[in-house]
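This is coords.cif (mmCIF, N, CA and C atoms).
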```
data_input
#
loop_
_atom_site.label_atom_id
_atom_site.label_comp_id
_atom_site.auth_asym_id
_atom_site.auth_seq_id
_atom_site.Cartn_x
_atom_site.Cartn_y
_atom_site.Cartn_z
N MET A 1 0.85 -1.18 0.00
CA MET A 1 0.00 0.00 0.00
C MET A 1 0.90 1.23 0.00
N SER A 2 0.57 2.21 -0.80
CA SER A 2 1.38 3.41 -0.89
C SER A 2 1.13 4.31 0.31
N PRO A 3 2.04 5.26 0.57
CA PRO A 3 1.81 6.20 1.66
C PRO A 3 0.55 7.04 1.46
N VAL A 4 0.07 7.12 0.23
CA VAL A 4 -1.16 7.85 -0.06
C VAL A 4 -2.31 6.88 0.12
N LEU A 5 -3.26 7.25 0.94
CA LEU A 5 -4.39 6.38 1.24
C LEU A 5 -5.42 6.46 0.13
N ARG A 6 -5.66 5.32 -0.51
CA ARG A 6 -6.68 5.26 -1.55
C ARG A 6 -7.98 4.78 -0.91
N LEU A 7 -9.06 5.43 -1.27
CA LEU A 7 -10.35 5.07 -0.72
C LEU A 7 -11.19 4.41 -1.80
N PRO A 8 -12.02 3.49 -1.49
CA PRO A 8 -12.20 2.91 -0.16
C PRO A 8 -11.04 1.98 0.18
N VAL A 9 -10.77 1.84 1.47
CA VAL A 9 -9.73 0.94 1.94
C VAL A 9 -10.37 -0.43 2.10
N THR A 10 -9.89 -1.37 1.33
CA THR A 10 -10.44 -2.73 1.39
C THR A 10 -9.71 -3.53 2.47
N PRO A 11 -10.31 -4.62 2.92
CA PRO A 11 -9.59 -5.49 3.85
C PRO A 11 -8.26 -5.99 3.27
N ALA A 12 -8.23 -6.26 1.97
CA ALA A 12 -6.98 -6.69 1.34
C ALA A 12 -5.93 -5.59 1.39
N ASP A 13 -6.35 -4.33 1.14
CA ASP A 13 -5.42 -3.20 1.24
C ASP A 13 -4.84 -3.12 2.66
N HIS A 14 -5.73 -3.23 3.63
CA HIS A 14 -5.32 -3.12 5.03
C HIS A 14 -4.35 -4.23 5.40
N ASP A 15 -4.63 -5.46 5.00
CA ASP A 15 -3.76 -6.59 5.31
C ASP A 15 -2.42 -6.51 4.58
N ALA A 16 -2.40 -5.92 3.39
CA ALA A 16 -1.17 -5.84 2.60
C ALA A 16 -0.26 -4.70 3.06
N CYS A 17 -0.74 -3.85 3.91
CA CYS A 17 0.03 -2.68 4.35
C CYS A 17 1.14 -3.10 5.32
N ALA A 18 2.38 -2.80 4.97
CA ALA A 18 3.52 -3.15 5.83
C ALA A 18 3.42 -2.44 7.18
N ALA A 19 2.91 -1.23 7.20
CA ALA A 19 2.77 -0.49 8.45
C ALA A 19 1.76 -1.16 9.37
N THR A 20 0.67 -1.67 8.80
CA THR A 20 -0.33 -2.37 9.60
C THR A 20 0.30 -3.56 10.30
N ASP A 21 1.10 -4.30 9.58
CA ASP A 21 1.74 -5.49 10.11
C ASP A 21 2.64 -5.16 11.30
N ILE A 22 3.51 -4.18 11.16
CA ILE A 22 4.44 -3.86 12.26
C ILE A 22 3.71 -3.16 13.40
N LEU A 23 2.68 -2.38 13.09
CA LEU A 23 1.90 -1.76 14.17
C LEU A 23 1.17 -2.81 15.00
N ARG A 24 0.73 -3.87 14.37
CA ARG A 24 0.13 -4.97 15.13
C ARG A 24 1.15 -5.56 16.09
N ARG A 25 2.37 -5.74 15.62
CA ARG A 25 3.41 -6.34 16.46
C ARG A 25 3.75 -5.42 17.64
N VAL A 26 4.01 -4.15 17.37
CA VAL A 26 4.39 -3.27 18.47
C VAL A 26 3.18 -2.90 19.32
N GLY A 27 1.98 -3.14 18.80
CA GLY A 27 0.79 -2.88 19.59
C GLY A 27 0.44 -4.01 20.55
N GLU A 28 1.15 -5.13 20.44
CA GLU A 28 0.92 -6.23 21.37
C GLU A 28 1.39 -5.80 22.76
N LYS A 29 0.79 -6.40 23.75
CA LYS A 29 0.99 -5.97 25.14
C LYS A 29 2.44 -5.95 25.58
N TRP A 30 3.24 -6.93 25.18
CA TRP A 30 4.58 -7.06 25.74
C TRP A 30 5.72 -6.75 24.77
N SER A 31 5.47 -6.64 23.49
CA SER A 31 6.54 -6.50 22.50
C SER A 31 7.42 -5.28 22.73
N VAL A 32 6.81 -4.13 22.90
CA VAL A 32 7.59 -2.90 23.06
C VAL A 32 8.41 -2.96 24.35
N LEU A 33 7.82 -3.48 25.39
CA LEU A 33 8.53 -3.57 26.66
C LEU A 33 9.76 -4.48 26.53
N ILE A 34 9.62 -5.59 25.86
CA ILE A 34 10.76 -6.48 25.67
C ILE A 34 11.83 -5.82 24.81
N LEU A 35 11.42 -5.14 23.75
CA LEU A 35 12.40 -4.42 22.93
C LEU A 35 13.15 -3.37 23.76
N ALA A 36 12.42 -2.67 24.61
CA ALA A 36 13.04 -1.64 25.45
C ALA A 36 14.02 -2.26 26.45
N VAL A 37 13.67 -3.39 27.03
CA VAL A 37 14.58 -4.06 27.97
C VAL A 37 15.86 -4.47 27.26
N LEU A 38 15.74 -4.94 26.03
CA LEU A 38 16.90 -5.42 25.29
C LEU A 38 17.76 -4.31 24.68
N GLN A 39 17.36 -3.06 24.84
CA GLN A 39 18.08 -1.98 24.15
C GLN A 39 19.52 -1.80 24.65
N ASP A 40 19.81 -2.13 25.89
CA ASP A 40 21.15 -1.89 26.42
C ASP A 40 22.11 -3.05 26.28
N ARG A 41 21.55 -4.28 26.31
CA ARG A 41 22.43 -5.45 26.26
C ARG A 41 21.59 -6.70 26.02
N PRO A 42 22.25 -7.79 25.63
CA PRO A 42 21.55 -9.06 25.51
C PRO A 42 21.12 -9.57 26.89
N TYR A 43 20.05 -10.34 26.91
CA TYR A 43 19.54 -10.94 28.14
C TYR A 43 19.32 -12.43 27.91
N GLY A 44 19.54 -13.20 28.96
CA GLY A 44 19.14 -14.59 28.95
C GLY A 44 17.64 -14.68 29.19
N PHE A 45 17.07 -15.83 28.84
CA PHE A 45 15.62 -15.99 29.01
C PHE A 45 15.21 -15.77 30.46
N ASN A 46 15.90 -16.39 31.39
CA ASN A 46 15.54 -16.25 32.80
C ASN A 46 15.70 -14.81 33.30
N GLU A 47 16.71 -14.11 32.80
CA GLU A 47 16.87 -12.69 33.14
C GLU A 47 15.67 -11.87 32.67
N LEU A 48 15.24 -12.13 31.43
CA LEU A 48 14.06 -11.43 30.91
C LEU A 48 12.83 -11.77 31.74
N ASP A 49 12.71 -13.02 32.11
CA ASP A 49 11.57 -13.46 32.92
C ASP A 49 11.54 -12.70 34.25
N ARG A 50 12.70 -12.49 34.85
CA ARG A 50 12.75 -11.74 36.12
C ARG A 50 12.61 -10.24 35.91
N ALA A 51 13.03 -9.74 34.75
CA ALA A 51 13.02 -8.29 34.49
C ALA A 51 11.63 -7.74 34.20
N VAL A 52 10.74 -8.59 33.71
CA VAL A 52 9.40 -8.14 33.33
C VAL A 52 8.37 -8.90 34.18
N GLN A 53 7.90 -8.25 35.21
CA GLN A 53 6.93 -8.88 36.10
C GLN A 53 5.55 -8.90 35.46
N GLY A 54 4.78 -9.94 35.78
CA GLY A 54 3.42 -10.05 35.27
C GLY A 54 3.33 -10.71 33.91
N LEU A 55 4.45 -11.12 33.37
CA LEU A 55 4.51 -11.76 32.05
C LEU A 55 4.81 -13.24 32.27
N SER A 56 3.90 -14.10 31.84
CA SER A 56 4.12 -15.54 32.02
C SER A 56 5.25 -16.01 31.11
N ARG A 57 5.87 -17.09 31.49
CA ARG A 57 6.95 -17.66 30.68
C ARG A 57 6.43 -18.08 29.30
N ARG A 58 5.20 -18.57 29.25
CA ARG A 58 4.61 -18.97 27.97
C ARG A 58 4.46 -17.77 27.04
N ILE A 59 3.98 -16.66 27.57
CA ILE A 59 3.80 -15.45 26.74
C ILE A 59 5.15 -14.83 26.40
N LEU A 60 6.10 -14.88 27.32
CA LEU A 60 7.45 -14.39 27.02
C LEU A 60 8.03 -15.19 25.86
N THR A 61 7.91 -16.50 25.91
CA THR A 61 8.41 -17.36 24.83
C THR A 61 7.73 -17.02 23.51
N ARG A 62 6.41 -16.89 23.54
CA ARG A 62 5.65 -16.57 22.32
C ARG A 62 6.09 -15.22 21.75
N THR A 63 6.21 -14.21 22.62
CA THR A 63 6.57 -12.87 22.16
C THR A 63 7.97 -12.86 21.59
N LEU A 64 8.92 -13.52 22.25
CA LEU A 64 10.29 -13.58 21.74
C LEU A 64 10.33 -14.27 20.37
N ARG A 65 9.56 -15.34 20.21
CA ARG A 65 9.54 -16.04 18.91
C ARG A 65 8.99 -15.14 17.81
N LEU A 66 7.93 -14.39 18.13
CA LEU A 66 7.36 -13.48 17.13
C LEU A 66 8.35 -12.37 16.77
N LEU A 67 9.00 -11.80 17.78
CA LEU A 67 9.98 -10.74 17.52
C LEU A 67 11.18 -11.28 16.74
N GLU A 68 11.57 -12.50 17.06
CA GLU A 68 12.66 -13.15 16.31
C GLU A 68 12.22 -13.41 14.87
N GLY A 69 10.99 -13.86 14.69
CA GLY A 69 10.47 -14.11 13.35
C GLY A 69 10.40 -12.86 12.50
N ASP A 70 10.17 -11.72 13.13
CA ASP A 70 10.14 -10.44 12.42
C ASP A 70 11.53 -9.86 12.20
N GLY A 71 12.55 -10.50 12.75
CA GLY A 71 13.92 -10.02 12.58
C GLY A 71 14.29 -8.90 13.53
N LEU A 72 13.50 -8.68 14.56
CA LEU A 72 13.76 -7.59 15.51
C LEU A 72 14.65 -8.04 16.67
N VAL A 73 14.62 -9.33 16.96
CA VAL A 73 15.39 -9.91 18.07
C VAL A 73 16.12 -11.14 17.54
N SER A 74 17.34 -11.34 18.03
CA SER A 74 18.08 -12.55 17.69
C SER A 74 18.13 -13.46 18.90
N ARG A 75 18.26 -14.74 18.64
CA ARG A 75 18.36 -15.77 19.68
C ARG A 75 19.66 -16.52 19.45
N ARG A 76 20.45 -16.64 20.52
CA ARG A 76 21.73 -17.34 20.42
C ARG A 76 21.86 -18.29 21.60
N SER A 77 22.17 -19.53 21.30
CA SER A 77 22.38 -20.52 22.36
C SER A 77 23.86 -20.60 22.68
N THR A 78 24.16 -20.49 23.96
CA THR A 78 25.53 -20.70 24.43
C THR A 78 25.51 -21.92 25.34
N ALA A 79 26.67 -22.31 25.83
CA ALA A 79 26.74 -23.48 26.73
C ALA A 79 25.97 -23.21 28.02
N GLU A 80 25.93 -21.95 28.44
CA GLU A 80 25.30 -21.61 29.71
C GLU A 80 23.83 -21.25 29.60
N ARG A 81 23.42 -20.64 28.48
CA ARG A 81 22.06 -20.12 28.41
C ARG A 81 21.66 -19.80 26.97
N VAL A 82 20.38 -19.48 26.82
CA VAL A 82 19.87 -18.93 25.56
C VAL A 82 19.83 -17.43 25.75
N GLU A 83 20.37 -16.70 24.80
CA GLU A 83 20.52 -15.25 24.93
C GLU A 83 19.74 -14.54 23.82
N TYR A 84 19.05 -13.47 24.19
CA TYR A 84 18.28 -12.68 23.24
C TYR A 84 18.86 -11.28 23.17
N ALA A 85 18.91 -10.74 21.95
CA ALA A 85 19.46 -9.40 21.74
C ALA A 85 18.69 -8.72 20.62
N LEU A 86 18.74 -7.40 20.62
CA LEU A 86 18.16 -6.66 19.50
C LEU A 86 19.02 -6.86 18.27
N THR A 87 18.40 -6.99 17.13
CA THR A 87 19.12 -6.98 15.86
C THR A 87 19.27 -5.52 15.42
N ASP A 88 20.01 -5.30 14.35
CA ASP A 88 20.10 -3.94 13.81
C ASP A 88 18.72 -3.43 13.41
N LEU A 89 17.89 -4.33 12.86
CA LEU A 89 16.53 -3.94 12.48
C LEU A 89 15.72 -3.53 13.71
N GLY A 90 15.82 -4.32 14.77
CA GLY A 90 15.12 -3.98 16.01
C GLY A 90 15.62 -2.68 16.60
N ARG A 91 16.93 -2.49 16.56
CA ARG A 91 17.51 -1.25 17.08
C ARG A 91 17.05 -0.03 16.27
N SER A 92 16.84 -0.23 14.96
CA SER A 92 16.39 0.89 14.12
C SER A 92 14.94 1.28 14.41
N LEU A 93 14.17 0.35 14.98
CA LEU A 93 12.78 0.63 15.34
C LEU A 93 12.68 1.41 16.65
N LEU A 94 13.65 1.25 17.54
CA LEU A 94 13.58 1.88 18.86
C LEU A 94 13.35 3.39 18.85
N PRO A 95 14.03 4.18 18.02
CA PRO A 95 13.78 5.63 18.04
C PRO A 95 12.32 5.98 17.73
N LEU A 96 11.70 5.20 16.86
CA LEU A 96 10.29 5.45 16.53
C LEU A 96 9.39 5.11 17.70
N ILE A 97 9.68 4.01 18.38
CA ILE A 97 8.91 3.63 19.56
C ILE A 97 9.10 4.66 20.67
N ILE A 98 10.33 5.10 20.86
CA ILE A 98 10.61 6.12 21.88
C ILE A 98 9.87 7.41 21.54
N ALA A 99 9.88 7.81 20.27
CA ALA A 99 9.17 9.02 19.86
C ALA A 99 7.67 8.90 20.14
N LEU A 100 7.09 7.74 19.87
CA LEU A 100 5.67 7.53 20.16
C LEU A 100 5.42 7.61 21.66
N GLY A 101 6.29 7.00 22.45
CA GLY A 101 6.17 7.08 23.90
C GLY A 101 6.27 8.50 24.42
N GLU A 102 7.20 9.26 23.87
CA GLU A 102 7.35 10.67 24.28
C GLU A 102 6.12 11.47 23.90
N TRP A 103 5.56 11.20 22.72
CA TRP A 103 4.34 11.88 22.31
C TRP A 103 3.21 11.55 23.27
N ALA A 104 3.09 10.27 23.64
CA ALA A 104 2.03 9.85 24.55
C ALA A 104 2.17 10.54 25.90
N VAL A 105 3.38 10.65 26.42
CA VAL A 105 3.59 11.34 27.70
C VAL A 105 3.27 12.82 27.56
N ALA A 106 3.73 13.45 26.49
CA ALA A 106 3.50 14.88 26.29
C ALA A 106 2.02 15.22 26.14
N HIS A 107 1.24 14.30 25.60
CA HIS A 107 -0.18 14.57 25.32
C HIS A 107 -1.14 13.80 26.22
N ALA A 108 -0.63 13.17 27.26
CA ALA A 108 -1.48 12.36 28.14
C ALA A 108 -2.61 13.18 28.74
N SER A 109 -2.31 14.40 29.19
CA SER A 109 -3.38 15.21 29.80
C SER A 109 -4.40 15.65 28.75
N ASP A 110 -3.95 15.95 27.54
CA ASP A 110 -4.88 16.33 26.47
C ASP A 110 -5.82 15.16 26.15
N ILE A 111 -5.26 13.97 26.09
CA ILE A 111 -6.06 12.79 25.78
C ILE A 111 -7.05 12.51 26.91
N GLU A 112 -6.59 12.62 28.15
CA GLU A 112 -7.48 12.38 29.29
C GLU A 112 -8.60 13.42 29.33
N GLN A 113 -8.29 14.68 29.03
CA GLN A 113 -9.33 15.73 28.98
C GLN A 113 -10.35 15.42 27.89
N ALA A 114 -9.89 14.99 26.74
CA ALA A 114 -10.81 14.65 25.64
C ALA A 114 -11.69 13.47 26.04
N ARG A 115 -11.11 12.49 26.70
CA ARG A 115 -11.90 11.35 27.16
C ARG A 115 -12.94 11.78 28.20
N ALA A 116 -12.54 12.65 29.09
CA ALA A 116 -13.48 13.13 30.12
C ALA A 116 -14.62 13.89 29.47
N ARG A 117 -14.32 14.75 28.47
CA ARG A 117 -15.37 15.47 27.75
C ARG A 117 -16.31 14.50 27.05
N SER A 118 -15.74 13.48 26.45
CA SER A 118 -16.54 12.50 25.74
C SER A 118 -17.46 11.74 26.69
N ARG A 119 -16.94 11.37 27.86
CA ARG A 119 -17.76 10.66 28.84
C ARG A 119 -18.87 11.55 29.38
N ALA A 120 -18.62 12.86 29.48
CA ALA A 120 -19.60 13.78 30.04
C ALA A 120 -20.62 14.25 29.01
N ALA A 121 -20.35 14.02 27.74
CA ALA A 121 -21.24 14.50 26.68
C ALA A 121 -22.58 13.74 26.73
N PRO A 122 -23.69 14.44 26.46
CA PRO A 122 -24.97 13.74 26.44
C PRO A 122 -25.02 12.77 25.26
N GLY A 123 -25.88 11.79 25.39
CA GLY A 123 -26.04 10.81 24.32
C GLY A 123 -25.29 9.54 24.64
N PRO A 124 -25.30 8.61 23.72
CA PRO A 124 -24.64 7.34 23.98
C PRO A 124 -23.13 7.52 24.06
N PRO A 125 -22.46 6.73 24.89
CA PRO A 125 -21.00 6.83 24.98
C PRO A 125 -20.37 6.36 23.67
N PRO A 126 -19.14 6.79 23.42
CA PRO A 126 -18.46 6.34 22.20
C PRO A 126 -18.33 4.82 22.22
N SER A 127 -18.42 4.24 21.06
CA SER A 127 -18.34 2.79 20.95
C SER A 127 -16.91 2.33 21.18
N PRO A 128 -16.75 1.23 21.89
CA PRO A 128 -15.40 0.68 22.07
C PRO A 128 -14.93 0.03 20.78
N ILE A 129 -13.66 -0.26 20.73
CA ILE A 129 -13.10 -0.97 19.59
C ILE A 129 -13.72 -2.35 19.55
N ARG A 130 -14.11 -2.78 18.37
CA ARG A 130 -14.75 -4.09 18.23
C ARG A 130 -13.68 -5.16 18.06
N HIS A 131 -13.67 -6.10 18.98
CA HIS A 131 -12.72 -7.20 18.90
C HIS A 131 -13.30 -8.41 18.19
N ASP A 132 -14.59 -8.34 17.85
CA ASP A 132 -15.22 -9.46 17.18
C ASP A 132 -15.10 -9.37 15.66
N VAL A 133 -14.48 -8.29 15.17
CA VAL A 133 -14.32 -8.10 13.73
C VAL A 133 -13.11 -8.89 13.28
N PRO A 134 -13.18 -9.63 12.19
CA PRO A 134 -12.04 -10.40 11.72
C PRO A 134 -10.83 -9.50 11.49
N SER A 135 -9.64 -10.04 11.70
CA SER A 135 -8.39 -9.30 11.53
C SER A 135 -8.35 -8.66 10.15
N GLY A 136 -7.95 -7.40 10.12
CA GLY A 136 -7.82 -6.69 8.85
C GLY A 136 -9.07 -6.00 8.40
N VAL A 137 -10.19 -6.19 9.08
CA VAL A 137 -11.43 -5.54 8.70
C VAL A 137 -11.65 -4.37 9.64
N VAL A 138 -11.83 -3.20 9.09
CA VAL A 138 -12.07 -2.03 9.90
C VAL A 138 -13.54 -2.02 10.25
N GLY A 139 -13.85 -2.16 11.53
CA GLY A 139 -15.24 -2.23 11.98
C GLY A 139 -15.71 -0.93 12.56
N VAL A 140 -16.90 -0.54 12.28
CA VAL A 140 -17.53 0.62 12.86
C VAL A 140 -18.70 0.11 13.66
N SER A 141 -18.78 0.54 14.93
CA SER A 141 -19.84 0.04 15.77
C SER A 141 -21.20 0.27 15.12
N GLY A 142 -22.02 -0.74 15.14
CA GLY A 142 -23.34 -0.64 14.55
C GLY A 142 -23.37 -1.05 13.10
N ALA A 143 -22.23 -1.12 12.47
CA ALA A 143 -22.18 -1.52 11.06
C ALA A 143 -21.78 -2.99 10.99
N THR A 144 -22.27 -3.67 10.03
CA THR A 144 -21.90 -5.06 9.83
C THR A 144 -20.67 -5.11 8.95
N PRO A 145 -19.59 -5.72 9.47
CA PRO A 145 -18.36 -5.78 8.65
C PRO A 145 -18.52 -6.70 7.46
#
```

Mind turning the file's structure into structure tokens?
Amino acid sequence: MSPVLRLPVTPADHDACAATDILRRVGEKWSVLILAVLQDRPYGFNELDRAVQGLSRRILTRTLRLLEGDGLVSRRSTAERVEYALTDLGRSLLPLIIALGEWAVAHASDIEQARARSRAAPGPPPSPIRHDVPSGVVGVSGATP
């Protein structure tokens, strides 16, 4: 998909978009946190497990495999342990993630004020994101995808 958005956006267009694919990955609950932990040095699996509380070993394994599959993290087995590190590709993504995080911090109060105004507005509350819509289909509440 080109940087210029052609309308209508079809599900195929959405699925074919490289940005959609990577945004799904960094939008996962633990991916960005793991990338951030790995920014300074390689970590062994058990070190990562201890460094990120609230993350099960099963989900840590799954997330590391997905990040490795995307080429963002490398996995190396040594005699002592399995070690994970950022690849050059993963390291090149960090400045963009950091910029997004800085934007979120800078605008957190603006976003919270907008949410408060929306909650206080008369009429039905804004519709939540629909999780029942098949992947790649942009759903609008009340509309049939």

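The nearest approach to Arg81 (chain A) among the residues A:Gly44, A:Arg50, A:Ala106, A:Glu68, with only C-alpha atoms taken into account, belongs to A:Gly44.
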
(request) Would you mind listing what lies within 7 Å of region 87-93 of chain A as a VMD selection string, with all atoms listed in the file counted and same-chain residues fewer than 3 positions away left out? (result) chain A and resid 71 to 74 96 to 98

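In this comparison, which uses only N, CA and C atoms, the residue of A:Ser109, A:Trp103, A:Ser31, A:Leu7 approaching Thr63 (chain A) most closely is A:Ser31.
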
(message) Can you tell me which residues surround Glu47 (chain A) at a distance of at most 12 Å, considering only C-alpha atoms, apart from same-chain residues fewer than 5 positions away, and format the answer as a list in words?
(response) Ile34, Val37, Leu38, Arg41, Pro42, Val52, Gln53, Arg57, Leu60, Arg81, Val82, Glu83 and Tyr84 of chain A

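Distances here use only C-alpha atoms; by that measure, the residue among A:Leu94, A:Leu5, A:Ala12, A:Ala99 closest to Leu33 (chain A) is A:Leu94.
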
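Residues of region 26-86 of chain A that DSSP, applied to the backbone, places in alpha helix (DSSP H): Val26, Ser31, Val32, Leu33, Ile34, Leu35, Ala36, Val37, Phe45, Asn46, Glu47, Leu48, Asp49, Arg50, Ala51, Arg57, Arg58, Ile59, Leu60, Thr61, Arg62, Thr63, Leu64, Arg65, Leu66, Leu67, Glu68 and Gly69 of chain A.
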
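Closest approach to Leu64 (chain A) among A:Pro95, A:Arg24, A:Trp30, A:Ala114: A:Trp30, based on only N, CA and C atoms.
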
(message) Would you compute the distance between CA of His107 (chain A) and CA of Gly27 (chain A)? Give it in Å to one decimal.
(response) 18.4 Å

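Our summary of the geometry notes that atom N of Arg75 (chain A) is positioned 9.6 Å from atom C of Tyr43 (chain A).
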